[in-house]
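**Q** Attaching a single structure in structure tokens format; questions to follow.
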Amino acid sequence: MSNNKETLRMTSQYSKDSNTHEEWLHWGPYLSERQWGTVREDYSAGGNAWDYFSHDQARSRAYRWGEDGLGGISDPEQRLCFSIALWNGQDPILKERLFGLTNGEGNHGEDVKEYYYYIDNTPTHSYMKWLYKYPQQEFPYADLVDKNRQRKSDPHSFEYELMDTGAFNEDRYFDVQVEYAKSSTQDILIKIKITNHGPDTASIHLLPTLWFRNTWSWFLDVEKPILEGTNNKGDKNFATIKAASVSESDTGDMMLYCEQPDELLFVENETNNEKLWGTANNTPYPKDGINDYIIAQKNTTNPELTGTKSSAVYALTLAPKETKEIRLRLSADLAISDPFNTDFDTVFTNRIDEADKFYESLSPDSLTSEQKMIQRQAYAGMLWGKQYYNYVVADWLDGDPVGPKPPAGRGRNSEWKHMYASTIISMPDAWEYPWFAAWDLCFQSVVFARLDLQFAKNQLLSLAHEWYMAPDGAIPAYEWAFSDVNPPLHAWAALTIFEIEKEMKGAGDVKFIEDIFQHCLMNFTWWTNQQDGDSTNLFEGGFLGLDNISVINRSNLSEFENQIGHSITLKQSDGTSWMGMYCLNMMQLALILAQDNQKQYSHFVSKFFQHFVFIADSMNSINHASNGEVKLWDETDGFYYDFLKIYSNPTQNVSIKLRSLVGIIPLFPVARIDLNLMEPMVAEELKERMDWFLNRHPELLGQVQTLKSSGAEDEIMLSFVKPERLTRILERVLDEAEFLGPHGIRGISKQYQDTPYALSIDGAYLEERYEPAESADGSFGGNSNWRGPVWFPINFLLISTLKKYDEFLEEDFKVEYPSYSGNYMSLKEVSDQLSKRLVQIFEKDSNGNRPVYGGNQTMQNNPTWQDLILFFEYFHGDNGAGLGASHQTGWTGLVAELLFQIK
């Protein structure tokens with residue numbers, strides 16, 4: 001990327017304003033899409049968050065830890081929030097938040113049943129665009145629940161979606177587009193455009209809503225903020241809602257200017273106790289008063305135009321194909337005499353122009369216009385996924401001063417009482433996964449590196465700080481179970497971000513690398529002590545984020561132990577490989593620091609070099625002689641497998657010969673040591689340390705390989721696999737009858753489609769099939785299926801890995817792609833081909849269809865749908881159709897980074 005482009009990218013977001021990047025970030029898309037049904041709002045004894053706080057309760061019940069809304073924004077602590085509500089004149093409730101199935105209501109777990117899109121966003125949120133498609137008929141809440149419950153007994157049946165209900169027949173729906181443009185850091189201009197796509201005139205109520213998050217109902221003697229309204233006066237063409245803060249921690253006084261509303265409505269953002277629990281309300285105007293006023297024409301709003309939640313009302317009637325626009329302005333300037341003058345549209349024009357120039361400068365020149373559009377929407381999804389996350393575990397466990405104590409026995413995450421989360425975090429998905437996940441965050445940070453480098457770095461550092469990381473060095477996994485174990489990818493993500501920064505700026509941030517290294521030292525030690533129970537350098541780790549990939553429930557081994565009547569240990573090929581990768585990543589971080597004239601880090605290079613070599617030896621030659629030789633590597637099959645140690649009499653060692661990603665992940669630990677690139681004194685000291693170690697452990701020399709054609713002793717590659725073993729593994733990986741699908745590498749081999757893998761031990765019988773779409777077995781992770789579909793994170797790591805091998809191997813090292821095709825390619829060429837297969841999930845094919853949308857003809861062919869991209873959680877192993885969480889740009893946002901790499 002040229003310096004001119006970089007200058008444009010760094011300046012285009014600030015216009016002529018001298019405010020800092022942080023000040024521009026004061027307002028953003030931090031308002032969640034779902035707060036109901038989250039762990040944070042669950043105060044039940046049984047820990048069933050979905051049932052304790054439901055979608056139906058959300059309009060009447062105040063949240064404790066956050067807020068939600070449609071296409072909304074907030075300040076960084078969600079003190080003051082803005083979003084829209086809608087009513088089509090048919091629905092039984094206002095459309096104030098997105099609806100979806102709870103985890104127990106459908107055949108494939110939780111699922112949002114709405115159509116909405118992240119169209120655009122910039123790193124400073126100077127310009128944002130969001131689109132929602134709202135049916136004109138009554139929203140089929142009950143039908144969606146009933147039909148999906150009927151399908152619950154058949155996990156192979158398709159989910160019943162909103163499109164299936166007929167709600168969009170004859171295009172009888174509204175497009176509701178919300179745009180934000182910042183005039184300055186505290187002056188946000190808002191346009192809401194509503195289009196009637198149907199064949200008949202249709203009416204809709206639009207309710208732009210401003211409210212304070214309820215921070216007062218849970219404590220004693222807390223002063224409550226206030227909203228005050230002023231209707232149109234005299235010749236003014238606008239009404240106002242003033243938000244008056246009460247403490248320095250609030251966002252400051254703000255004014256919402258509303259262009260010619262029909263009326264202003266005010267209530268308190270407090271629970272309707274009478275409706276929900278049959279007890280007295282604290283206010284005659286509770287949270288759902290605006291809903292009851294609009295839907296039932298009840299006098300349930302405050303005529304004094306004060307409260308903590310307020311909506312401007314616009315009752316609109318639109319002819320077929322007509323569009324109407326409503327303008328608002330949220331500003332710290334409380335005395336704008338003409339908030340909607342000609343400068344209003346000029347600000348939008350300027351911000352859109354800046355956004356266009358920013359993304360044009362960011363995208364590689366080689367991309368097609370279609371690819372640039374995909375990349376821009378992927379980045380928009382990442383940016384809209386930045387959410388305020390508030391969860392103070394000790395307070396949550398103990399309960400609040402006002403209110404009943406939580407029930408006895410309520411103890412989820414009780415070992416994480418140090419955890420204090422109150423910050424903006426990149427979420428995997430703002431509806432289905434509105435919380436951080438540790439390894440998701442690593443991939444998401446890599447995607448953010450080109451968008452907002454400092455945000456990417458801060459995301460990694462946040463989970464490593466003491467208010468997240470446990471005192472023993474554990475990193476929290478995700479809010480349902482902080483103690484679950486995700487693959488340790490913090491060091492990998494930091495290295496990748498460092499390399500991206502070098503590409504962009506010519507040099508990486510060594511201070512960032514040092515900060516990450518210090519934190520990862522603690523986490524590495526925790527992994528070593530906790531996940532290698534018998535000190536064999538073979539690691540366990542549990543489910544490791546791969547949910548139901550295994551034939552045995554790796555999150556709960558006791559299930560299998562009860563079946564066979566013996567205790568077991570499961571040594572994991574992927575767990576050991578992640579740890580080997582962690583060693584090499586830490587070694588590479590230490591190399592960066594040692595090369596930066598910080599010689600004290602050279603001994604860490606040696607330390608992690610030694611640790612890796614020991615793990616590599618265990619990975620490839622461990623021998624449990626009590627019952628014959630059992631290895632993770634299977635020489636006959638040319639593949640890595642997990643194995644079970646069963647403490648029966650005699651002890652049994654059983655290889656679980658299921659070909660899955662578990663056997664591909666051992667390729668990922670690969671790194672280079674080039675002493676020629678180091679300071680001479682550092683290189684000499686490091687070489688002495690390495691030679692000393694290898695001279696005393698000559699049996700381990702096989703794990704250190706010199707692979708350049710020159711045979712230079714100063715250039716070393718470390719890997720679990722030698723070239724001949726690499727070739728054998730890739731023969732299976734690139735076999736279209738096994739792992740290689742039309743749109744990426746599958747979760748397990750397609751060989752198990754007709755003949756499942758079977759495991760029979762001591763009377764217990766388990767089997768596993770290749771399942772290219774949703775899983776038929778929800779016990780190992782609900783609706784997340786690793787038994788066949790294509791997942792972006794593992795594909796991305798494999799692509800990166802192949803490029804690293806290509807750098808080291810002889811120029812004539814080639815493999816068949818696809819296997820048995822007679823077509824030979826270098827590993828770099830193979831990685832490019834895999835990248836293209838992934839990108840093509842979202843591109844139009846020769847028939848004008850995008851594989852991501854499968855057989856959905858409306859999304860494939862309707863011009864108002866076909867260029868709107870959803871990125872999904874994972875993809876059908878045979879046809880590339882999107883599956884799982886429909887809005888999980890999250891790690892699927894890696895497609896934006898892949899577009900920088902394809903040729």
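Every chain in the structure tokens takes a letter, A first, then B, and so on in the order presented; its residues are numbered from 1, and the ligands are numbered from 1 following the presented order.
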For region 256-266 of chain A, find every residue with an atom within 7 Å (counting only C-alpha atoms), except residues of its own chain fewer than 5 positions away, and show them as a list in words.
**A**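 Within the cut-off, the hits are Asn237, Phe238, Ala239, Thr240, Ile241, Lys242, Ile290, Thr301, Asn302, Leu305, Thr306, Gly307, Lys309, Ser310, Ser311, Ala312, Val313, Tyr314, Ile326, Arg327, Leu328, Arg329, Leu330 and Ser331 of chain A.
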**Q** If you count only C-alpha atoms, which residues fall within 7 Å of Arg61 (chain A), apart from same-chain ones fewer than 5 positions away, as a list in words?
**A** Glu270, Thr271, Asn272 and Lys287 of chain A
**Q** If you run DSSP on the backbone here, which positions in region 610-756 of chain A get strand (DSSP E or B)? Please write them as a VMD selection string.
**A** chain A and resid 626 628 633 to 634 639 to 640 642 to 646 652 to 656 660 670 to 674 704 to 705 715 to 719 740 to 741 744 to 746 748
**Q** What does the structure give for the distance between CA of Phe443 (chain A) and CA of Asp596 (chain A), in Å to one decimal?
**A**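 Distance reported for this atom pair: 26.5 Å.
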**Q** Might you pull out every residue within 7 Å of Val682 (chain A), with only C-alpha atoms counted and same-chain residues fewer than 2 positions away left off, and present them as an MDAnalysis selection string?
**A** chainID A and resid 594 599 602 678:680 684:686
**Q** Can you write out the residues you just picked, keeping C-alpha atoms, as a CSV table (one decimal), in the first residue's frame?
**A**
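And here is the file that came out, again_30.csv:
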chain,number,residue,atom,x,y,z
A,594,ALA,CA,15.6,-9.9,21.1
A,599,LYS,CA,19.1,-9.2,24.6
A,602,SER,CA,17.2,-14.3,23.8
A,678,MET,CA,19.5,-11.0,14.0
A,679,GLU,CA,22.0,-8.8,15.7
A,680,PRO,CA,25.3,-10.8,15.5
A,684,GLU,CA,25.7,-16.0,18.5
A,685,GLU,CA,24.3,-16.4,22.0
A,686,LEU,CA,21.1,-18.0,20.7
**Q** Could you pull out the residues in region 17-167 of chain A that DSSP calls alpha helix (DSSP H) from the backbone, as a list in words?
**A** His21, Glu22, Glu23, Trp24, Ala49, Trp50, Asp51, Tyr52, His55, Asp56, Gln57, Ala58, Tyr141, Ala142, Asp143, Leu144, Val145, Asp146, Lys147, Asn148, Arg149 and Gln150 of chain A
**Q** Counting only C-alpha atoms, which residue out of A:Asn232, A:Pro199, A:Ser157, A:Tyr752 sits closest to Glu170 (chain A)?
**A**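 Of A:Asn232, A:Pro199, A:Ser157, A:Tyr752, the one nearest Glu170 (chain A) is A:Pro199, counting only C-alpha atoms.
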**Q** Between A:Gly89, A:Gly46, A:Pro140, A:Pro303, single out the one closest to Lys113 (chain A), counting only C-alpha atoms.
**A**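 Using only C-alpha atoms, Lys113 (chain A) sits closest to A:Pro140.
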